[in-house]
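The block underneath contains the structure these notes are about, expressed in structure tokens.
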Amino acid sequence: MDARFPLSNTESPWLPFESRRRARDEKREAVLRAAVQLFLEQGYHRATLNDVAKRLNITKPALYNYFRGKDEILFECWSIGHELVDDCIGETSAGGGSGLDKLRKLTIRYAELMTTDYGKSLVRFDLRDLSEHNRKIVQTAKRRIDRAFRDYIAIGIADGSVKPCDPKLAAFAIAGSLNWIGHWFQPGGELTGHAVAEEFAIRLTEGIATTSMRKKADKPPRKGNVGNASREDGSEHHARAAAGAAGQSKRARGRLR
């Protein structure tokens, strides 16, 4: 190097390692966000990597710097969604309250997640499109989610907050209803994601709650709040969820594998 022309750090065309890694992570997250949106809009089989690249204004070969194929992107989208559910379960289990309280808390959090793109990826895509290895990971994780609902119901029966019932059937009924939100919910509608979640939590747990544990203060969300404020609340909810999902994806692969 010519000593007459020393290079400062700001002049170097190579970014520091941490900056390069952060930039790569951000680009990878952008690919995932664009892909999950397209998969939900067009269907997994209709959406192509060319479509993803076009939405990001990059070339298709550039995508292979981050993912080996479309099925890997699909699994990563699912992984982020499950990581968020896993966090909900962890926080709920660590908190206090009766079995019914825990069940209602998880129901609200899970229902809210079903109104986000990564949450919808848990229920809208076919497991048969994943590799056998990744399919087994997904199936194991789904059983953990089901177990959490069953456990809270069983705890509620034991502490008297939930009526005697079959925890397995009750968990199937609750989770099945919540999963369906991922198929029909659209942002910007009459109710925000949080309002839908609270309503479902009331309706899905009322039937199994003991009379003494029913919360009289719980009220259905008002349908009159349909104006701009409602839409703004919905967009803020989705913005927060997207930001949270972006932060979780880096941990998803390690925990699931």
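Ordered as shown in the structure tokens, chains take letters A, B, and onward, while each chain numbers its residues from 1 and ligands are numbered from 1 in the order shown.
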Requested in this report: Please identify which residues in segment 25-251 of chain A DSSP calls alpha helix (DSSP H) from the backbone, and express them as a PyMOL selection string.
Outcome: chain A and resi 25-42+49-56+60-63+70-94+99-113+117-124+132-159+167-184+193-206+228-251
Once you count only C-alpha atoms, what closest atom pair and distance in Å to one decimal does each residue of segment 39-122 of chain A within 7 Å of segment 159-182 of chain A have, with rows by chain and rising residue number, as CSV?
```
residue,atom,partner,partner_atom,distance
A:Ser98,CA,A:Ser161,CA,6.6
A:Gly99,CA,A:Ser161,CA,6.5
A:Leu100,CA,A:Ser161,CA,5.7
A:Ala111,CA,A:Leu178,CA,5.6
A:Met114,CA,A:Gly182,CA,4.7
A:Thr115,CA,A:Gly182,CA,5.9
A:Lys120,CA,A:Gly182,CA,4.6
```
Write out the residues from the selection above, keeping N, CA and C atoms, as an mmCIF file, in the first residue's frame.
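The new file result.cif reads:
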```cif
data_model
loop_
_atom_site.group_PDB
_atom_site.id
_atom_site.type_symbol
_atom_site.label_atom_id
_atom_site.label_comp_id
_atom_site.auth_asym_id
_atom_site.auth_seq_id
_atom_site.Cartn_x
_atom_site.Cartn_y
_atom_site.Cartn_z
ATOM 1 N N SER A 98 -54.853 -18.784 37.861
ATOM 2 C CA SER A 98 -55.447 -20.116 37.811
ATOM 3 C C SER A 98 -55.232 -20.737 36.433
ATOM 4 N N GLY A 99 -55.644 -21.991 36.326
ATOM 5 C CA GLY A 99 -55.575 -22.650 35.033
ATOM 6 C C GLY A 99 -56.402 -21.911 33.997
ATOM 7 N N LEU A 100 -57.571 -21.426 34.391
ATOM 8 C CA LEU A 100 -58.425 -20.676 33.473
ATOM 9 C C LEU A 100 -57.759 -19.367 33.058
ATOM 10 N N ALA A 111 -54.534 -16.063 19.471
ATOM 11 C CA ALA A 111 -55.478 -15.485 18.509
ATOM 12 C C ALA A 111 -54.886 -14.250 17.836
ATOM 13 N N MET A 114 -52.525 -15.211 15.177
ATOM 14 C CA MET A 114 -53.194 -15.708 13.975
ATOM 15 C C MET A 114 -53.632 -14.592 13.033
ATOM 16 N N THR A 115 -53.566 -13.346 13.484
ATOM 17 C CA THR A 115 -53.921 -12.220 12.612
ATOM 18 C C THR A 115 -52.691 -11.638 11.922
ATOM 19 N N LYS A 120 -50.295 -16.739 10.469
ATOM 20 C CA LYS A 120 -51.088 -17.417 9.445
ATOM 21 C C LYS A 120 -50.300 -18.539 8.780
#
```
Query raised in the report: Rounded to one decimal in Å, what is the spacing between atom CA of Arg124 of chain A and atom CA of His183 of chain A?
Result: 6.7 Å
Query - Residue neighbourhood Lys105 of chain A, 9 Å, only C-alpha atoms, exclusion window fewer than 4 positions, as an MDAnalysis selection string - result: chainID A and resid 88 92 100:101 109:110 201
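When only C-alpha atoms are used to compute distances to Leu49 of chain A, the closest of the residues A:Val36, A:Arg203, A:Ala30, A:Gly69 turns out to be A:Gly69.
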Report task. Name all residues at most 12 Å from Ile58 of chain A (count only C-alpha atoms; drop same-chain ones fewer than 5 positions away) and give them as a ChimeraX atom specification. Result -> /A:27,30-31,34,49-53,63-65
Prev. selection, all heavy atoms, output as a PDB file, in the first residue's frame:
```
ATOM      1  N   LYS A  27     -31.366  -8.247   5.220  1.00  0.00           N
ATOM      2  CA  LYS A  27     -31.777  -8.643   3.869  1.00  0.00           C
ATOM      3  C   LYS A  27     -32.514  -9.976   3.907  1.00  0.00           C
ATOM      4  O   LYS A  27     -33.495 -10.182   3.188  1.00  0.00           O
ATOM      5  CB  LYS A  27     -30.556  -8.727   2.959  1.00  0.00           C
ATOM      6  CG  LYS A  27     -29.928  -7.368   2.658  1.00  0.00           C
ATOM      7  CD  LYS A  27     -28.646  -7.503   1.861  1.00  0.00           C
ATOM      8  CE  LYS A  27     -28.018  -6.146   1.608  1.00  0.00           C
ATOM      9  NZ  LYS A  27     -26.724  -6.250   0.885  1.00  0.00           N
ATOM     10  N   ALA A  30     -35.947  -9.394   5.047  1.00  0.00           N
ATOM     11  CA  ALA A  30     -36.750  -8.778   3.981  1.00  0.00           C
ATOM     12  C   ALA A  30     -37.244  -9.842   3.006  1.00  0.00           C
ATOM     13  O   ALA A  30     -38.394  -9.784   2.533  1.00  0.00           O
ATOM     14  CB  ALA A  30     -35.926  -7.725   3.249  1.00  0.00           C
ATOM     15  N   VAL A  31     -36.397 -10.819   2.693  1.00  0.00           N
ATOM     16  CA  VAL A  31     -36.807 -11.917   1.822  1.00  0.00           C
ATOM     17  C   VAL A  31     -37.964 -12.688   2.451  1.00  0.00           C
ATOM     18  O   VAL A  31     -38.961 -12.999   1.791  1.00  0.00           O
ATOM     19  CB  VAL A  31     -35.621 -12.865   1.542  1.00  0.00           C
ATOM     20  CG1 VAL A  31     -36.101 -14.110   0.798  1.00  0.00           C
ATOM     21  CG2 VAL A  31     -34.539 -12.152   0.735  1.00  0.00           C
ATOM     22  N   ALA A  34     -41.280 -10.621   2.396  1.00  0.00           N
ATOM     23  CA  ALA A  34     -41.862 -10.571   1.047  1.00  0.00           C
ATOM     24  C   ALA A  34     -42.426 -11.934   0.661  1.00  0.00           C
ATOM     25  O   ALA A  34     -43.510 -12.034   0.068  1.00  0.00           O
ATOM     26  CB  ALA A  34     -40.803 -10.131   0.040  1.00  0.00           C
ATOM     27  N   LEU A  49     -40.129 -17.925  -6.818  1.00  0.00           N
ATOM     28  CA  LEU A  49     -38.989 -17.145  -6.351  1.00  0.00           C
ATOM     29  C   LEU A  49     -38.776 -15.922  -7.229  1.00  0.00           C
ATOM     30  O   LEU A  49     -38.276 -14.897  -6.758  1.00  0.00           O
ATOM     31  CB  LEU A  49     -37.726 -18.022  -6.332  1.00  0.00           C
ATOM     32  CG  LEU A  49     -37.693 -19.109  -5.269  1.00  0.00           C
ATOM     33  CD1 LEU A  49     -36.365 -19.855  -5.319  1.00  0.00           C
ATOM     34  CD2 LEU A  49     -37.914 -18.531  -3.877  1.00  0.00           C
ATOM     35  N   ASN A  50     -39.164 -16.028  -8.493  1.00  0.00           N
ATOM     36  CA  ASN A  50     -39.101 -14.847  -9.361  1.00  0.00           C
ATOM     37  C   ASN A  50     -40.020 -13.747  -8.844  1.00  0.00           C
ATOM     38  O   ASN A  50     -39.670 -12.562  -8.890  1.00  0.00           O
ATOM     39  CB  ASN A  50     -39.496 -15.217 -10.800  1.00  0.00           C
ATOM     40  CG  ASN A  50     -38.359 -15.854 -11.567  1.00  0.00           C
ATOM     41  OD1 ASN A  50     -37.197 -15.507 -11.366  1.00  0.00           O
ATOM     42  ND2 ASN A  50     -38.678 -16.793 -12.450  1.00  0.00           N
ATOM     43  N   ASP A  51     -41.201 -14.147  -8.353  1.00  0.00           N
ATOM     44  CA  ASP A  51     -42.132 -13.167  -7.792  1.00  0.00           C
ATOM     45  C   ASP A  51     -41.537 -12.502  -6.556  1.00  0.00           C
ATOM     46  O   ASP A  51     -41.669 -11.289  -6.365  1.00  0.00           O
ATOM     47  CB  ASP A  51     -43.454 -13.850  -7.406  1.00  0.00           C
ATOM     48  CG  ASP A  51     -44.212 -14.379  -8.606  1.00  0.00           C
ATOM     49  OD1 ASP A  51     -44.111 -13.773  -9.690  1.00  0.00           O
ATOM     50  OD2 ASP A  51     -44.913 -15.404  -8.453  1.00  0.00           O
ATOM     51  N   VAL A  52     -40.895 -13.305  -5.714  1.00  0.00           N
ATOM     52  CA  VAL A  52     -40.268 -12.765  -4.507  1.00  0.00           C
ATOM     53  C   VAL A  52     -39.168 -11.784  -4.883  1.00  0.00           C
ATOM     54  O   VAL A  52     -39.078 -10.681  -4.335  1.00  0.00           O
ATOM     55  CB  VAL A  52     -39.698 -13.898  -3.625  1.00  0.00           C
ATOM     56  CG1 VAL A  52     -38.976 -13.309  -2.413  1.00  0.00           C
ATOM     57  CG2 VAL A  52     -40.812 -14.840  -3.171  1.00  0.00           C
ATOM     58  N   ALA A  53     -38.323 -12.188  -5.827  1.00  0.00           N
ATOM     59  CA  ALA A  53     -37.220 -11.324  -6.254  1.00  0.00           C
ATOM     60  C   ALA A  53     -37.744 -10.020  -6.866  1.00  0.00           C
ATOM     61  O   ALA A  53     -37.209  -8.940  -6.595  1.00  0.00           O
ATOM     62  CB  ALA A  53     -36.348 -12.063  -7.265  1.00  0.00           C
ATOM     63  N   LEU A  63     -31.366 -14.343  -4.372  1.00  0.00           N
ATOM     64  CA  LEU A  63     -32.079 -14.995  -3.282  1.00  0.00           C
ATOM     65  C   LEU A  63     -31.314 -16.195  -2.739  1.00  0.00           C
ATOM     66  O   LEU A  63     -31.418 -16.534  -1.556  1.00  0.00           O
ATOM     67  CB  LEU A  63     -33.469 -15.456  -3.748  1.00  0.00           C
ATOM     68  CG  LEU A  63     -34.484 -14.371  -4.108  1.00  0.00           C
ATOM     69  CD1 LEU A  63     -35.760 -15.011  -4.625  1.00  0.00           C
ATOM     70  CD2 LEU A  63     -34.777 -13.497  -2.903  1.00  0.00           C
ATOM     71  N   TYR A  64     -30.535 -16.833  -3.619  1.00  0.00           N
ATOM     72  CA  TYR A  64     -29.818 -18.037  -3.196  1.00  0.00           C
ATOM     73  C   TYR A  64     -28.640 -17.720  -2.277  1.00  0.00           C
ATOM     74  O   TYR A  64     -28.001 -18.642  -1.753  1.00  0.00           O
ATOM     75  CB  TYR A  64     -29.353 -18.821  -4.424  1.00  0.00           C
ATOM     76  CG  TYR A  64     -30.501 -19.432  -5.195  1.00  0.00           C
ATOM     77  CD1 TYR A  64     -30.935 -18.883  -6.398  1.00  0.00           C
ATOM     78  CD2 TYR A  64     -31.183 -20.549  -4.691  1.00  0.00           C
ATOM     79  CE1 TYR A  64     -32.002 -19.437  -7.097  1.00  0.00           C
ATOM     80  CE2 TYR A  64     -32.247 -21.104  -5.382  1.00  0.00           C
ATOM     81  CZ  TYR A  64     -32.659 -20.540  -6.580  1.00  0.00           C
ATOM     82  OH  TYR A  64     -33.727 -21.079  -7.253  1.00  0.00           O
ATOM     83  N   ASN A  65     -28.369 -16.454  -2.079  1.00  0.00           N
ATOM     84  CA  ASN A  65     -27.384 -16.068  -1.071  1.00  0.00           C
ATOM     85  C   ASN A  65     -27.930 -16.269   0.339  1.00  0.00           C
ATOM     86  O   ASN A  65     -27.163 -16.304   1.307  1.00  0.00           O
ATOM     87  CB  ASN A  65     -26.982 -14.598  -1.245  1.00  0.00           C
ATOM     88  CG  ASN A  65     -26.153 -14.369  -2.495  1.00  0.00           C
ATOM     89  OD1 ASN A  65     -25.303 -15.190  -2.841  1.00  0.00           O
ATOM     90  ND2 ASN A  65     -26.399 -13.270  -3.170  1.00  0.00           N
TER      91      ASN A  65
END
```
Query raised in the report: From the set A:Tyr118, A:Glu190, A:Arg144, A:Glu206, which residue has the shortest atom-to-atom contact distance to Glu76 of chain A, counting only C-alpha atoms?
Result: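 For Glu76 of chain A, the nearest of the candidates is A:Tyr118.
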Requested in this report: Measuring atom to atom with only C-alpha atoms, identify which of A:Thr140, A:Asn57, A:Thr116, A:Ser131 is nearest to Gly193 of chain A.
Outcome: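 Between A:Thr140, A:Asn57, A:Thr116, A:Ser131, the residue approaching Gly193 of chain A most closely is A:Thr116.
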Report summary line: Computed gap from atom CA of Phe149 of chain A to atom CA of Gly119 of chain A is 17.0 Å
Query raised in the report: Which residue, A:Gln37, A:Gln186, A:Thr205, A:Ser121, has the smallest gap to His82 of chain A when you use only C-alpha atoms?
Result: A:Ser121
